[in-house]
>>> print(open('entry.cif').read())   # mmCIF, C-alpha atoms and all ligand atoms
data_model
loop_
_atom_site.label_atom_id
_atom_site.label_comp_id
_atom_site.auth_asym_id
_atom_site.auth_seq_id
_atom_site.Cartn_x
_atom_site.Cartn_y
_atom_site.Cartn_z
CA MET A 1 288.47 210.04 116.62
CA SER A 2 285.06 209.21 115.70
CA SER A 3 284.51 206.35 113.49
CA ASP A 4 281.48 207.03 111.83
CA THR A 5 280.77 203.76 110.81
CA SER A 6 280.70 203.67 114.54
CA ASP A 7 277.73 205.15 116.25
CA GLN A 8 277.89 207.72 118.83
CA SER A 9 280.20 208.39 121.24
CA THR A 10 280.12 205.83 119.34
CA VAL A 11 280.80 208.43 118.74
CA ASP A 12 283.98 207.11 117.82
CA ASN A 13 286.90 205.23 116.82
CA PRO A 14 289.47 203.80 119.11
CA GLU A 15 291.84 206.73 119.22
CA PRO A 16 293.33 208.77 120.73
CA VAL A 17 294.24 206.80 123.80
CA PRO A 18 292.27 208.44 126.57
CA ASP A 19 293.50 209.42 129.98
CA THR A 20 292.54 206.47 132.15
CA THR A 21 293.25 208.02 135.53
CA GLU A 22 289.53 208.11 136.36
CA SER A 23 287.48 205.09 135.29
CA ALA A 24 284.00 205.56 133.84
CA LEU A 25 282.67 203.76 136.90
CA ALA A 26 284.50 206.11 139.28
CA THR A 27 283.16 209.13 137.37
CA ALA A 28 279.63 207.72 137.27
CA ARG A 29 279.62 206.93 141.01
CA HIS A 30 281.01 210.35 141.95
CA GLN A 31 278.39 212.05 139.82
CA LEU A 32 275.64 209.95 141.38
CA GLU A 33 276.82 210.68 144.92
CA ARG A 34 277.10 214.38 144.23
CA ALA A 35 273.63 214.60 142.67
CA ALA A 36 272.06 212.45 145.39
CA SER A 37 273.54 214.71 148.09
CA LEU A 38 271.74 217.67 146.53
CA LEU A 39 268.43 215.92 146.01
CA ASP A 40 265.63 214.73 148.19
CA ILE A 41 265.80 211.08 147.08
CA ASP A 42 265.31 208.01 149.23
CA PRO A 43 268.89 206.91 150.14
CA ASN A 44 267.78 203.29 149.87
CA VAL A 45 266.99 203.81 146.21
CA VAL A 46 270.30 205.64 145.65
CA GLU A 47 272.09 202.69 147.24
CA ARG A 48 270.58 200.40 144.59
CA PHE A 49 271.69 202.74 141.76
CA ARG A 50 275.33 202.38 142.83
CA TYR A 51 275.41 198.77 141.56
CA PRO A 52 274.49 197.09 138.29
CA ASP A 53 271.76 194.45 138.43
CA VAL A 54 274.15 191.98 136.78
CA VAL A 55 277.31 191.86 134.68
CA HIS A 56 277.69 189.01 132.20
CA GLU A 57 281.23 188.06 131.29
CA VAL A 58 281.85 185.71 128.38
CA THR A 59 284.70 184.03 126.54
CA ILE A 60 284.63 184.36 122.76
CA PRO A 61 286.83 181.98 120.77
CA ILE A 62 287.12 182.69 117.06
CA GLU A 63 289.11 181.29 114.19
CA ARG A 64 291.59 183.82 112.82
CA ASP A 65 292.23 183.97 109.09
CA ASP A 66 295.53 182.09 109.56
CA GLY A 67 293.65 179.11 110.99
CA GLY A 68 294.65 179.73 114.62
CA VAL A 69 292.11 180.15 117.39
CA GLU A 70 292.09 183.32 119.51
CA VAL A 71 290.00 183.88 122.60
CA PHE A 72 288.50 187.29 123.39
CA ARG A 73 286.75 188.57 126.51
CA GLY A 74 283.27 190.17 126.32
CA TYR A 75 280.88 191.83 128.76
CA ARG A 76 277.29 192.96 129.03
CA ALA A 77 276.53 195.08 132.09
CA GLN A 78 272.82 195.49 132.89
CA HIS A 79 272.37 198.30 135.36
CA ASP A 80 268.67 199.01 135.96
CA SER A 81 265.43 198.01 134.20
CA VAL A 82 262.76 199.54 136.43
CA ARG A 83 261.39 201.65 133.55
CA GLY A 84 261.74 199.05 130.77
CA PRO A 85 264.14 196.68 128.99
CA TYR A 86 267.89 197.28 129.38
CA LYS A 87 269.26 199.39 126.53
CA GLY A 88 272.71 200.46 125.41
CA GLY A 89 275.57 200.04 123.01
CA ILE A 90 278.24 197.43 122.37
CA ARG A 91 281.85 198.60 122.13
CA PHE A 92 284.75 196.92 120.37
CA HIS A 93 287.76 198.62 121.92
CA PRO A 94 291.02 197.58 123.60
CA HIS A 95 290.11 199.52 126.77
CA VAL A 96 286.78 197.77 127.34
CA SER A 97 286.61 196.43 130.89
CA ARG A 98 284.03 195.25 133.35
CA GLU A 99 284.28 198.56 135.25
CA GLU A 100 283.95 200.65 132.10
CA CYS A 101 280.84 198.72 131.04
CA ILE A 102 279.26 199.24 134.45
CA GLY A 103 279.95 202.99 134.43
CA LEU A 104 278.62 203.35 130.90
CA SER A 105 275.54 201.24 131.74
CA MET A 106 274.74 203.63 134.61
CA TRP A 107 274.89 206.57 132.19
CA MET A 108 272.45 204.73 129.90
CA THR A 109 269.98 204.35 132.77
CA TRP A 110 270.10 208.10 133.44
CA LYS A 111 270.04 208.95 129.71
CA CYS A 112 266.85 206.97 129.04
CA ALA A 113 265.23 208.49 132.12
CA VAL A 114 266.20 212.08 131.15
CA MET A 115 264.61 211.42 127.75
CA ASP A 116 261.62 209.77 129.43
CA ILE A 117 261.85 206.74 127.13
CA PRO A 118 260.76 203.36 128.53
CA PHE A 119 264.15 201.68 128.72
CA GLY A 120 266.72 200.94 131.40
CA GLY A 121 270.49 201.03 131.11
CA ALA A 122 273.07 198.56 129.80
CA LYS A 123 276.42 198.55 128.03
CA GLY A 124 278.64 195.84 126.68
CA GLY A 125 281.77 195.31 124.76
CA VAL A 126 284.59 193.12 123.62
CA VAL A 127 288.23 193.76 124.50
CA VAL A 128 289.62 194.05 121.00
CA ASP A 129 290.98 196.62 118.58
CA PRO A 130 288.70 196.09 115.57
CA LYS A 131 291.44 197.51 113.34
CA ASP A 132 293.44 194.34 114.05
CA LEU A 133 290.68 192.13 112.59
CA SER A 134 289.75 191.38 108.98
CA ASP A 135 286.10 191.83 107.99
CA GLY A 136 285.58 188.08 108.27
CA GLU A 137 287.15 187.95 111.73
CA ARG A 138 284.98 190.86 112.92
CA GLU A 139 281.91 189.06 111.65
CA ARG A 140 282.86 185.79 113.38
CA LEU A 141 283.61 187.67 116.60
CA THR A 142 280.28 189.50 116.49
CA ARG A 143 278.27 186.36 115.78
CA ARG A 144 279.96 184.31 118.48
CA PHE A 145 279.65 187.15 121.04
CA THR A 146 275.95 187.45 120.20
CA ASP A 147 275.51 183.74 120.72
CA GLU A 148 277.31 183.89 124.08
CA ILE A 149 274.94 186.62 125.35
CA ARG A 150 271.86 185.30 123.52
CA ASN A 151 270.07 184.21 126.67
CA VAL A 152 270.31 187.64 128.29
CA ILE A 153 269.36 189.88 125.35
CA GLY A 154 266.08 190.14 123.45
CA PRO A 155 263.55 192.71 122.20
CA THR A 156 261.78 192.86 125.57
CA THR A 157 264.76 192.22 127.85
CA ASP A 158 267.95 193.93 126.65
CA ILE A 159 268.44 195.67 123.32
CA PRO A 160 272.03 196.36 122.17
CA ALA A 161 273.07 199.12 119.74
CA PRO A 162 276.28 200.42 118.16
CA ASP A 163 278.92 202.26 120.17
CA MET A 164 282.66 202.85 119.75
CA GLY A 165 284.15 200.48 117.16
CA THR A 166 280.81 198.98 116.11
CA ASP A 167 278.33 200.12 113.47
CA ALA A 168 275.23 199.26 111.45
CA GLU A 169 276.99 196.26 109.89
CA THR A 170 277.82 194.88 113.35
CA MET A 171 274.14 195.25 114.29
CA SER A 172 273.08 193.37 111.13
CA TRP A 173 275.26 190.43 112.16
CA MET A 174 273.92 190.55 115.72
CA MET A 175 270.32 190.63 114.51
CA ASP A 176 270.98 187.76 112.12
CA ALA A 177 272.88 185.63 114.65
CA TYR A 178 270.10 186.08 117.23
CA SER A 179 267.27 185.52 114.73
CA MET A 180 268.82 182.36 113.28
CA GLN A 181 268.90 180.74 116.72
CA GLU A 182 265.35 181.82 117.55
CA ALA A 183 264.13 180.52 114.17
CA GLU A 184 262.34 183.78 113.36
CA THR A 185 263.38 187.24 112.23
CA ILE A 186 263.47 189.51 115.26
CA PRO A 187 264.56 193.00 114.17
CA GLY A 188 263.77 194.55 117.58
CA VAL A 189 266.62 192.69 119.33
CA VAL A 190 269.13 195.41 118.36
CA THR A 191 268.90 198.99 117.10
CA GLY A 192 271.18 200.94 114.81
CA LYS A 193 270.63 198.45 111.98
CA PRO A 194 270.59 199.44 108.29
CA PRO A 195 267.06 200.57 107.26
CA VAL A 196 266.76 197.67 104.80
CA ILE A 197 266.45 195.21 107.71
CA GLY A 198 264.40 197.32 110.09
CA GLY A 199 266.82 200.08 110.99
CA SER A 200 265.50 203.61 111.31
CA GLU A 201 266.09 206.44 108.90
CA GLY A 202 267.96 209.17 110.75
CA ARG A 203 269.46 206.83 113.37
CA ALA A 204 273.07 207.18 112.23
CA GLY A 205 272.96 210.98 112.42
CA ALA A 206 270.84 211.17 115.57
CA PRO A 207 273.49 211.54 118.30
CA GLY A 208 275.15 214.41 116.40
CA ARG A 209 271.78 215.98 115.65
CA SER A 210 270.83 215.96 119.33
CA VAL A 211 274.18 217.54 120.24
CA ALA A 212 273.48 220.29 117.70
CA ILE A 213 269.90 220.83 118.96
CA ILE A 214 271.06 221.12 122.57
CA ALA A 215 274.01 223.36 121.58
CA ARG A 216 271.56 225.64 119.77
CA GLU A 217 269.27 225.86 122.82
CA VAL A 218 272.21 226.44 125.17
CA ALA A 219 273.57 229.20 122.92
CA GLU A 220 270.17 230.94 123.02
CA TYR A 221 269.97 230.45 126.77
CA TYR A 222 273.29 232.23 127.25
CA ASP A 223 272.26 235.03 124.83
CA SER A 224 274.75 234.04 122.20
CA PRO A 225 272.67 232.73 119.29
CA LEU A 226 274.41 230.38 116.88
CA ALA A 227 274.84 233.06 114.21
CA GLU A 228 277.09 234.89 116.66
CA SER A 229 278.82 231.81 118.10
CA THR A 230 282.14 230.14 117.39
CA VAL A 231 282.41 226.37 117.85
CA ALA A 232 285.25 223.83 118.19
CA VAL A 233 284.51 220.11 117.86
CA GLN A 234 286.90 217.38 118.99
CA GLY A 235 286.21 214.18 117.05
CA PHE A 236 284.89 214.05 113.49
CA GLY A 237 283.00 210.77 113.45
CA SER A 238 279.35 210.02 113.86
CA VAL A 239 278.70 212.53 116.59
CA GLY A 240 281.27 215.19 115.86
CA ALA A 241 280.80 215.48 112.09
CA ASN A 242 277.01 215.47 112.22
CA ALA A 243 276.94 218.02 115.03
CA ALA A 244 279.53 220.29 113.38
CA ARG A 245 277.78 220.24 110.01
CA LEU A 246 274.34 220.97 111.45
CA LEU A 247 275.71 223.81 113.59
CA ASP A 248 277.44 225.15 110.47
CA ASP A 249 274.13 224.91 108.54
CA TRP A 250 272.36 226.72 111.37
CA GLY A 251 274.73 229.69 111.17
CA ALA A 252 277.48 228.96 113.70
CA THR A 253 281.13 229.61 112.82
CA VAL A 254 282.87 226.25 113.26
CA VAL A 255 286.52 227.25 113.68
CA ALA A 256 288.06 223.84 114.42
CA VAL A 257 287.31 220.13 114.05
CA SER A 258 289.70 217.29 114.77
CA ASP A 259 290.41 213.61 114.57
CA VAL A 260 293.30 211.60 115.92
CA THR A 261 295.67 213.17 113.36
CA GLY A 262 295.01 216.74 114.56
CA ALA A 263 292.61 219.58 113.95
CA ALA A 264 291.62 221.62 110.91
CA TYR A 265 291.52 225.26 112.01
CA ASP A 266 290.21 228.45 110.43
CA PRO A 267 289.31 231.38 112.67
CA ASP A 268 286.94 232.64 109.94
CA GLY A 269 285.04 229.34 109.89
CA LEU A 270 285.65 226.00 108.17
CA ASP A 271 283.56 224.55 105.38
CA THR A 272 282.63 221.51 107.48
CA ARG A 273 281.47 219.52 104.47
CA ALA A 274 284.87 219.88 102.82
CA VAL A 275 286.51 218.12 105.78
CA PRO A 276 286.14 214.33 105.46
CA SER A 277 284.37 212.65 108.38
CA HIS A 278 285.80 209.42 109.75
CA GLU A 279 283.18 207.51 107.77
CA GLU A 280 284.01 209.29 104.51
CA GLN A 281 287.78 208.93 104.88
CA PRO A 282 289.30 207.77 108.16
CA GLU A 283 291.97 209.91 109.78
CA ALA A 284 292.04 212.51 107.03
CA VAL A 285 291.09 215.70 108.91
CA ALA A 286 294.56 217.19 109.28
CA ARG A 287 295.60 216.12 105.77
CA SER A 288 292.63 217.94 104.27
CA ALA A 289 293.31 221.23 106.07
CA ASP A 290 295.16 224.40 105.04
CA ARG A 291 295.90 225.23 108.64
CA THR A 292 296.19 222.73 111.49
CA ILE A 293 296.51 222.78 115.26
CA GLY A 294 296.86 219.96 117.79
CA ASN A 295 294.03 218.40 119.75
CA ASP A 296 295.35 220.05 122.94
CA GLU A 297 295.19 223.44 121.28
CA LEU A 298 291.65 222.76 120.07
CA LEU A 299 290.50 222.05 123.61
CA ALA A 300 292.05 225.36 124.73
CA LEU A 301 290.55 227.57 121.98
CA ASP A 302 288.72 230.72 123.01
CA VAL A 303 285.35 229.75 121.50
CA ASP A 304 281.73 230.09 122.58
CA LEU A 305 280.99 226.35 122.40
CA LEU A 306 283.40 223.46 122.81
CA VAL A 307 282.06 220.01 121.85
CA PRO A 308 284.28 217.09 122.94
CA ALA A 309 282.84 214.32 120.76
CA ALA A 310 285.70 211.85 120.54
CA VAL A 311 286.45 209.69 123.56
CA GLY A 312 285.93 209.59 127.32
CA ASN A 313 288.29 211.52 129.62
CA ALA A 314 289.28 214.14 127.04
CA ILE A 315 289.12 216.90 129.66
CA THR A 316 290.79 215.93 132.91
CA GLU A 317 292.27 217.76 135.88
CA ALA A 318 295.45 218.09 133.80
CA ASN A 319 293.89 220.33 131.13
CA ALA A 320 290.61 221.67 132.61
CA ALA A 321 292.33 224.92 133.60
CA ASP A 322 293.34 225.48 129.96
CA VAL A 323 289.76 225.42 128.63
CA ARG A 324 288.80 228.91 127.44
CA ALA A 325 285.41 228.04 125.90
CA ASP A 326 282.34 229.73 127.40
CA VAL A 327 280.34 226.49 127.44
CA ILE A 328 281.12 222.79 126.95
CA VAL A 329 278.53 220.50 125.34
CA GLU A 330 279.46 216.83 125.83
CA GLY A 331 279.20 214.87 122.58
CA ALA A 332 281.07 211.73 123.70
CA ASN A 333 280.11 209.71 126.76
CA GLY A 334 282.09 210.90 129.75
CA PRO A 335 284.50 213.32 128.03
CA VAL A 336 284.85 215.41 131.23
CA THR A 337 286.12 213.59 134.32
CA PHE A 338 284.58 214.27 137.71
CA ALA A 339 287.75 216.07 138.85
CA ALA A 340 287.76 218.22 135.70
CA GLY A 341 284.08 218.98 136.26
CA GLU A 342 284.87 220.40 139.70
CA ILE A 343 287.59 222.65 138.27
CA LEU A 344 285.30 223.86 135.48
CA ALA A 345 282.47 224.51 137.96
CA GLU A 346 284.81 226.63 140.07
CA ARG A 347 285.84 228.55 136.97
CA GLY A 348 282.18 229.08 136.02
CA VAL A 349 282.31 227.09 132.76
CA PRO A 350 278.94 225.37 132.27
CA VAL A 351 279.12 221.73 131.11
CA ILE A 352 276.01 220.40 129.35
CA PRO A 353 276.07 216.67 130.13
CA ASP A 354 276.29 213.74 127.73
CA ILE A 355 273.17 212.12 129.19
CA LEU A 356 271.17 214.99 127.68
CA ALA A 357 273.26 216.21 124.74
CA ASN A 358 274.02 212.95 122.94
CA ALA A 359 270.78 211.20 123.93
CA GLY A 360 269.44 211.53 120.38
CA GLY A 361 271.10 208.18 119.62
CA VAL A 362 269.12 206.15 122.09
CA THR A 363 266.00 208.21 121.41
CA VAL A 364 266.03 207.26 117.74
CA SER A 365 266.89 203.72 118.86
CA TYR A 366 263.59 203.82 120.72
CA PHE A 367 261.86 205.02 117.53
CA GLU A 368 263.58 202.17 115.66
CA TRP A 369 262.35 199.63 118.19
CA LEU A 370 258.79 201.02 117.89
CA GLN A 371 259.02 200.71 114.10
CA ASP A 372 260.30 197.14 114.43
CA ILE A 373 257.60 195.90 116.76
CA ASN A 374 254.91 197.62 114.70
CA ARG A 375 256.48 196.45 111.40
CA ARG A 376 256.07 199.97 110.05
CA ALA A 377 258.82 202.35 108.86
CA TRP A 378 258.85 206.11 109.51
CA SER A 379 260.19 208.71 107.09
CA GLU A 380 263.43 210.51 107.96
CA GLU A 381 261.40 213.71 108.22
CA ARG A 382 259.15 212.18 110.86
CA VAL A 383 262.13 210.78 112.79
CA ASN A 384 263.87 214.17 112.83
CA GLU A 385 260.68 215.99 113.83
CA GLU A 386 259.95 213.61 116.68
CA LEU A 387 263.59 213.74 117.80
CA GLU A 388 263.41 217.54 117.90
CA THR A 389 260.23 217.33 120.02
CA GLU A 390 261.77 214.84 122.46
CA MET A 391 265.03 216.80 122.76
CA LEU A 392 263.17 220.04 123.47
CA ALA A 393 261.02 218.31 126.11
CA ALA A 394 264.12 216.94 127.85
CA TRP A 395 265.90 220.31 127.54
CA ASP A 396 262.87 222.04 129.11
CA ALA A 397 262.80 219.57 132.01
CA VAL A 398 266.55 219.97 132.66
CA ARG A 399 266.48 223.75 132.24
CA THR A 400 263.57 224.05 134.67
CA GLU A 401 265.53 222.01 137.23
CA PHE A 402 268.70 224.08 136.56
CA GLU A 403 266.81 227.32 137.19
CA ARG A 404 265.56 226.12 140.57
CA GLY A 405 268.89 226.56 142.31
CA ASP A 406 272.59 226.77 141.96
CA ALA A 407 273.28 223.20 140.87
CA SER A 408 275.24 222.42 137.69
CA TRP A 409 273.64 221.38 134.41
CA ARG A 410 274.77 217.82 135.13
CA ASP A 411 273.16 217.89 138.57
CA ALA A 412 269.96 219.22 136.97
CA ALA A 413 269.92 216.37 134.43
CA TYR A 414 270.57 213.86 137.23
CA ALA A 415 267.72 215.41 139.22
CA VAL A 416 265.31 214.83 136.34
CA ALA A 417 266.56 211.27 135.75
CA LEU A 418 266.86 210.17 139.37
CA GLY A 419 263.49 211.70 140.22
CA ARG A 420 261.78 209.60 137.52
CA LEU A 421 263.72 206.47 138.41
CA ALA A 422 263.14 206.79 142.14
CA GLU A 423 259.44 207.27 141.58
CA ALA A 424 259.33 204.11 139.47
CA HIS A 425 261.26 202.14 142.10
CA GLU A 426 258.98 203.40 144.86
CA ALA A 427 255.88 202.51 142.83
CA ARG A 428 257.13 198.98 142.09
CA GLY A 429 258.67 198.33 145.51
CA LEU A 430 261.42 195.89 146.41
CA TRP A 431 260.91 192.24 145.45
CA PRO A 432 260.24 189.87 147.21
N1 LIG B 501 275.72 203.92 122.16
C1 LIG B 501 274.78 204.99 122.20
C2 LIG B 501 274.83 205.75 123.51
O1 LIG B 501 275.81 205.69 124.20
C3 LIG B 501 273.38 204.56 121.83
C4 LIG B 501 272.81 203.49 122.67
C5 LIG B 501 271.48 202.94 122.12
O2 LIG B 501 271.01 203.45 121.11
O3 LIG B 501 270.99 202.02 122.73
O4 LIG B 501 273.96 206.48 123.84
#
>>> encode(input="entry.cif", output="structure tokens")
Amino acid sequence: MSSDTSDQSTVDNPEPVPDTTESALATARHQLERAASLLDIDPNVVERFRYPDVVHEVTIPIERDDGGVEVFRGYRAQHDSVRGPYKGGIRFHPHVSREECIGLSMWMTWKCAVMDIPFGGAKGGVVVDPKDLSDGERERLTRRFTDEIRNVIGPTTDIPAPDMGTDAETMSWMMDAYSMQEAETIPGVVTGKPPVIGGSEGRAGAPGRSVAIIAREVAEYYDSPLAESTVAVQGFGSVGANAARLLDDWGATVVAVSDVTGAAYDPDGLDTRAVPSHEEQPEAVARSADRTIGNDELLALDVDLLVPAAVGNAITEANAADVRADVIVEGANGPVTFAAGEILAERGVPVIPDILANAGGVTVSYFEWLQDINRRAWSEERVNEELETEMLAAWDAVRTEFERGDASWRDAAYAVALGRLAEAHEARGLWP
């Protein structure tokens, strides 16, 4: 499920087909309303958070390899920029829609605020299955899409990054297409590029690393250190494979990992490096395994930590009652629907939210942007150290909020994010 050429949650490649009964926008709005009802935040500011600042919709004609012209639809939703330039990924996926981009852009606003990095929230995408395109067609699509949104992106206005179905190569084409039109090389216009053109060391592994760091802290918090914990990971792409392998290195027993073909399962613990990630060999998890189970069974395993790191809406009201894990750590964006979240809360299963757990991606994007504007590269060691520091600071802020009352982990993360955002809106005021 995760294409690891794809970034995070990006985690991911286009499959499996998610449950679409609750749109990302519906989930995001429900979560916002719930958190706002528990918090002392100016309702006028909350009202503004319900809507994106603007959604750009573009038409992208490209020449197919057979000489015919095909027209695709693309979006860039810009939700809020009170704390800094809009920031967020670009998806190439058949389920991309205006609504999905808006919902995902809201999550980016909260994610950057939870991490206390000076960016706002955006998300974009093209309605396309990249598997249907040749390399040349993907390149032409990326370049033309970049040109169509050229006036609304830029290193100080809106900075795209990889997401589902896009990767470092896509970001190279975006950076090049933008730079050629501006007549100067502008690496800071996108993040998630290859290091040779201003990308950051450690960026590709960052979302999975942050999931592993947060999982480690959560395990300690619930008195079940990693060495005594079992873990199941849905999705073995950028997020899932990096998280599973780090947790394995740090002593956890990873009993199951999956991709769209099914899950490799070993109750005594898998050798996570022997299972090919999506990047190493797409859709090869089940083929490489001695013992397999289905994705449904993986989600219902009796483990200490369950990490859904594949697609949105993996855990819905249809299967939330089957979850037997002690704790869920969200690797993908929006893997637990609002309705499923209510069922899990009633059952006492803590859900550590995406806007904290997978925020390592955008955090290292911020490091990449700093490196680009300073024209100075950091070592991978420095990136990982600074990521660890930022993740622990965000974890401390969210944990402190969680311990104040009986709100969920998601509510606590929203409290941190909305508090910072509301303060910024109040300080700047409403224009004109
Ligand atoms: N697509 C990633 C996310 O959902 C990263 C976004 C970024 O780095 O801007 O968090």
>>> atom_distance(input="entry.cif", atom1="atom CA of Ala417 of chain A", atom2="atom CA of Gly348 of chain A")
23.7 Å
>>> closest_residue(input="entry.cif", among="A:Asp396, A:Glu220, A:Glu388, A:Glu342", to="Val364 of chain A", atoms="all atoms listed in the file")
A:Glu388
>>> residues_near_ligand(input="entry.cif", ligand="ligand LIG 501 (chain B)", cutoff="9 Å", atoms="all atoms listed in the file", output="count of residues only")
44
>>> residues_around(input="entry.cif", residues="Gly154 of chain A", least_positions_apart="2", cutoff="10 Å", atoms="only C-alpha atoms", output="list in words")
Pro85, Tyr86, Ile149, Arg150, Asn151, Val152, Thr156, Thr157, Asp158, Ile159, Pro160, Met175, Tyr178, Ser179, Ile186, Pro187, Gly188, Val189 and Val190 of chain A
>>> atom_distance(input="entry.cif", atom1="atom CA of Cys101 of chain A", atom2="atom CA of Ala77 of chain A")
5.7 Å
>>> closest_residue(input="entry.cif", among="A:Ala244, A:Val69, A:Ala412, A:Val231", to="Ile352 of chain A", atoms="all atoms listed in the file")
A:Ala412
>>> closest_residue(input="entry.cif", among="A:Ser238, A:Thr316, A:Asn44, A:Phe92", to="Asp132 of chain A", atoms="only C-alpha atoms")
A:Phe92
>>> residues_around(input="entry.cif", residues="Val58 of chain A", least_positions_apart="5", cutoff="7 Å", atoms="only C-alpha atoms", output="list in words")
Arg73, Gly74, Tyr75 and Glu148 of chain A
>>> closest_residue(input="entry.cif", among="A:Ile41, A:Ala427, A:Gly235, A:Pro267", to="Ala314 of chain A", atoms="all atoms listed in the file")
A:Gly235
>>> residues_around(input="entry.cif", residues="Ala300 of chain A", least_positions_apart="2", cutoff="6 Å", atoms="only C-alpha atoms", output="compact mmCIF listing (two decimals) with C-alpha atoms, in the frame of the given file")
# COMPACT_ATOMS: atom_id res chain seq x y z
CA GLU A 297 295.19 223.44 121.28
CA LEU A 298 291.65 222.76 120.07
CA ASP A 322 293.34 225.48 129.96
CA VAL A 323 289.76 225.42 128.63
CA ARG A 324 288.80 228.91 127.44
>>> closest_residue(input="entry.cif", among="A:Phe72, A:Trp378, A:Phe338, A:Trp250", to="Leu25 of chain A", atoms="all atoms listed in the file")
A:Phe338
>>> residues_around(input="entry.cif", residues="Ile214 of chain A", least_positions_apart="2", cutoff="9 Å", atoms="all atoms listed in the file", output="PDB file with C-alpha atoms, in the frame of the given file")
ATOM      1  CA  ARG A 209     271.780 215.980 115.650  1.00  0.00           C
ATOM      2  CA  SER A 210     270.830 215.960 119.330  1.00  0.00           C
ATOM      3  CA  VAL A 211     274.180 217.540 120.240  1.00  0.00           C
ATOM      4  CA  ALA A 212     273.480 220.290 117.700  1.00  0.00           C
ATOM      5  CA  ARG A 216     271.560 225.640 119.770  1.00  0.00           C
ATOM      6  CA  GLU A 217     269.270 225.860 122.820  1.00  0.00           C
ATOM      7  CA  VAL A 218     272.210 226.440 125.170  1.00  0.00           C
ATOM      8  CA  ALA A 219     273.570 229.200 122.920  1.00  0.00           C
ATOM      9  CA  VAL A 329     278.530 220.500 125.340  1.00  0.00           C
ATOM     10  CA  ILE A 352     276.010 220.400 129.350  1.00  0.00           C
ATOM     11  CA  LEU A 356     271.170 214.990 127.680  1.00  0.00           C
ATOM     12  CA  ALA A 357     273.260 216.210 124.740  1.00  0.00           C
ATOM     13  CA  ASN A 358     274.020 212.950 122.940  1.00  0.00           C
ATOM     14  CA  MET A 391     265.030 216.800 122.760  1.00  0.00           C
ATOM     15  CA  LEU A 392     263.170 220.040 123.470  1.00  0.00           C
ATOM     16  CA  TRP A 395     265.900 220.310 127.540  1.00  0.00           C
TER      17      TRP A 395
END
>>> atom_distance(input="entry.cif", atom1="atom CA of Leu421 of chain A", atom2="atom CA of Pro43 of chain A")
12.8 Å
>>> closest_residue(input="entry.cif", among="A:Glu182, A:Asp65, A:Asp223, A:Asp129", to="Pro94 of chain A", atoms="all atoms listed in the file")
A:Asp129
>>> residues_around(input="entry.cif", residues="Ala177 of chain A", least_positions_apart="5", cutoff="8 Å", atoms="only C-alpha atoms", output="number ranges by chain")
A: 143, 146-147
>>> residues_near_point(input="entry.cif", point="(278.5, 209.2, 139.9)", cutoff="10 Å", atoms="all atoms listed in the file", output="mmCIF file with C-alpha atoms, in the coordinates of the input")
data_model
loop_
_atom_site.group_PDB
_atom_site.id
_atom_site.type_symbol
_atom_site.label_atom_id
_atom_site.label_comp_id
_atom_site.auth_asym_id
_atom_site.auth_seq_id
_atom_site.Cartn_x
_atom_site.Cartn_y
_atom_site.Cartn_z
ATOM 1 C CA ALA A 24 284.000 205.560 133.840
ATOM 2 C CA LEU A 25 282.670 203.760 136.900
ATOM 3 C CA ALA A 26 284.500 206.110 139.280
ATOM 4 C CA THR A 27 283.160 209.130 137.370
ATOM 5 C CA ALA A 28 279.630 207.720 137.270
ATOM 6 C CA ARG A 29 279.620 206.930 141.010
ATOM 7 C CA HIS A 30 281.010 210.350 141.950
ATOM 8 C CA GLN A 31 278.390 212.050 139.820
ATOM 9 C CA LEU A 32 275.640 209.950 141.380
ATOM 10 C CA GLU A 33 276.820 210.680 144.920
ATOM 11 C CA ARG A 34 277.100 214.380 144.230
ATOM 12 C CA ALA A 35 273.630 214.600 142.670
ATOM 13 C CA ALA A 36 272.060 212.450 145.390
ATOM 14 C CA PHE A 49 271.690 202.740 141.760
ATOM 15 C CA ARG A 50 275.330 202.380 142.830
ATOM 16 C CA GLY A 103 279.950 202.990 134.430
ATOM 17 C CA MET A 106 274.740 203.630 134.610
ATOM 18 C CA TRP A 107 274.890 206.570 132.190
ATOM 19 C CA PHE A 338 284.580 214.270 137.710
ATOM 20 C CA TYR A 414 270.570 213.860 137.230
#
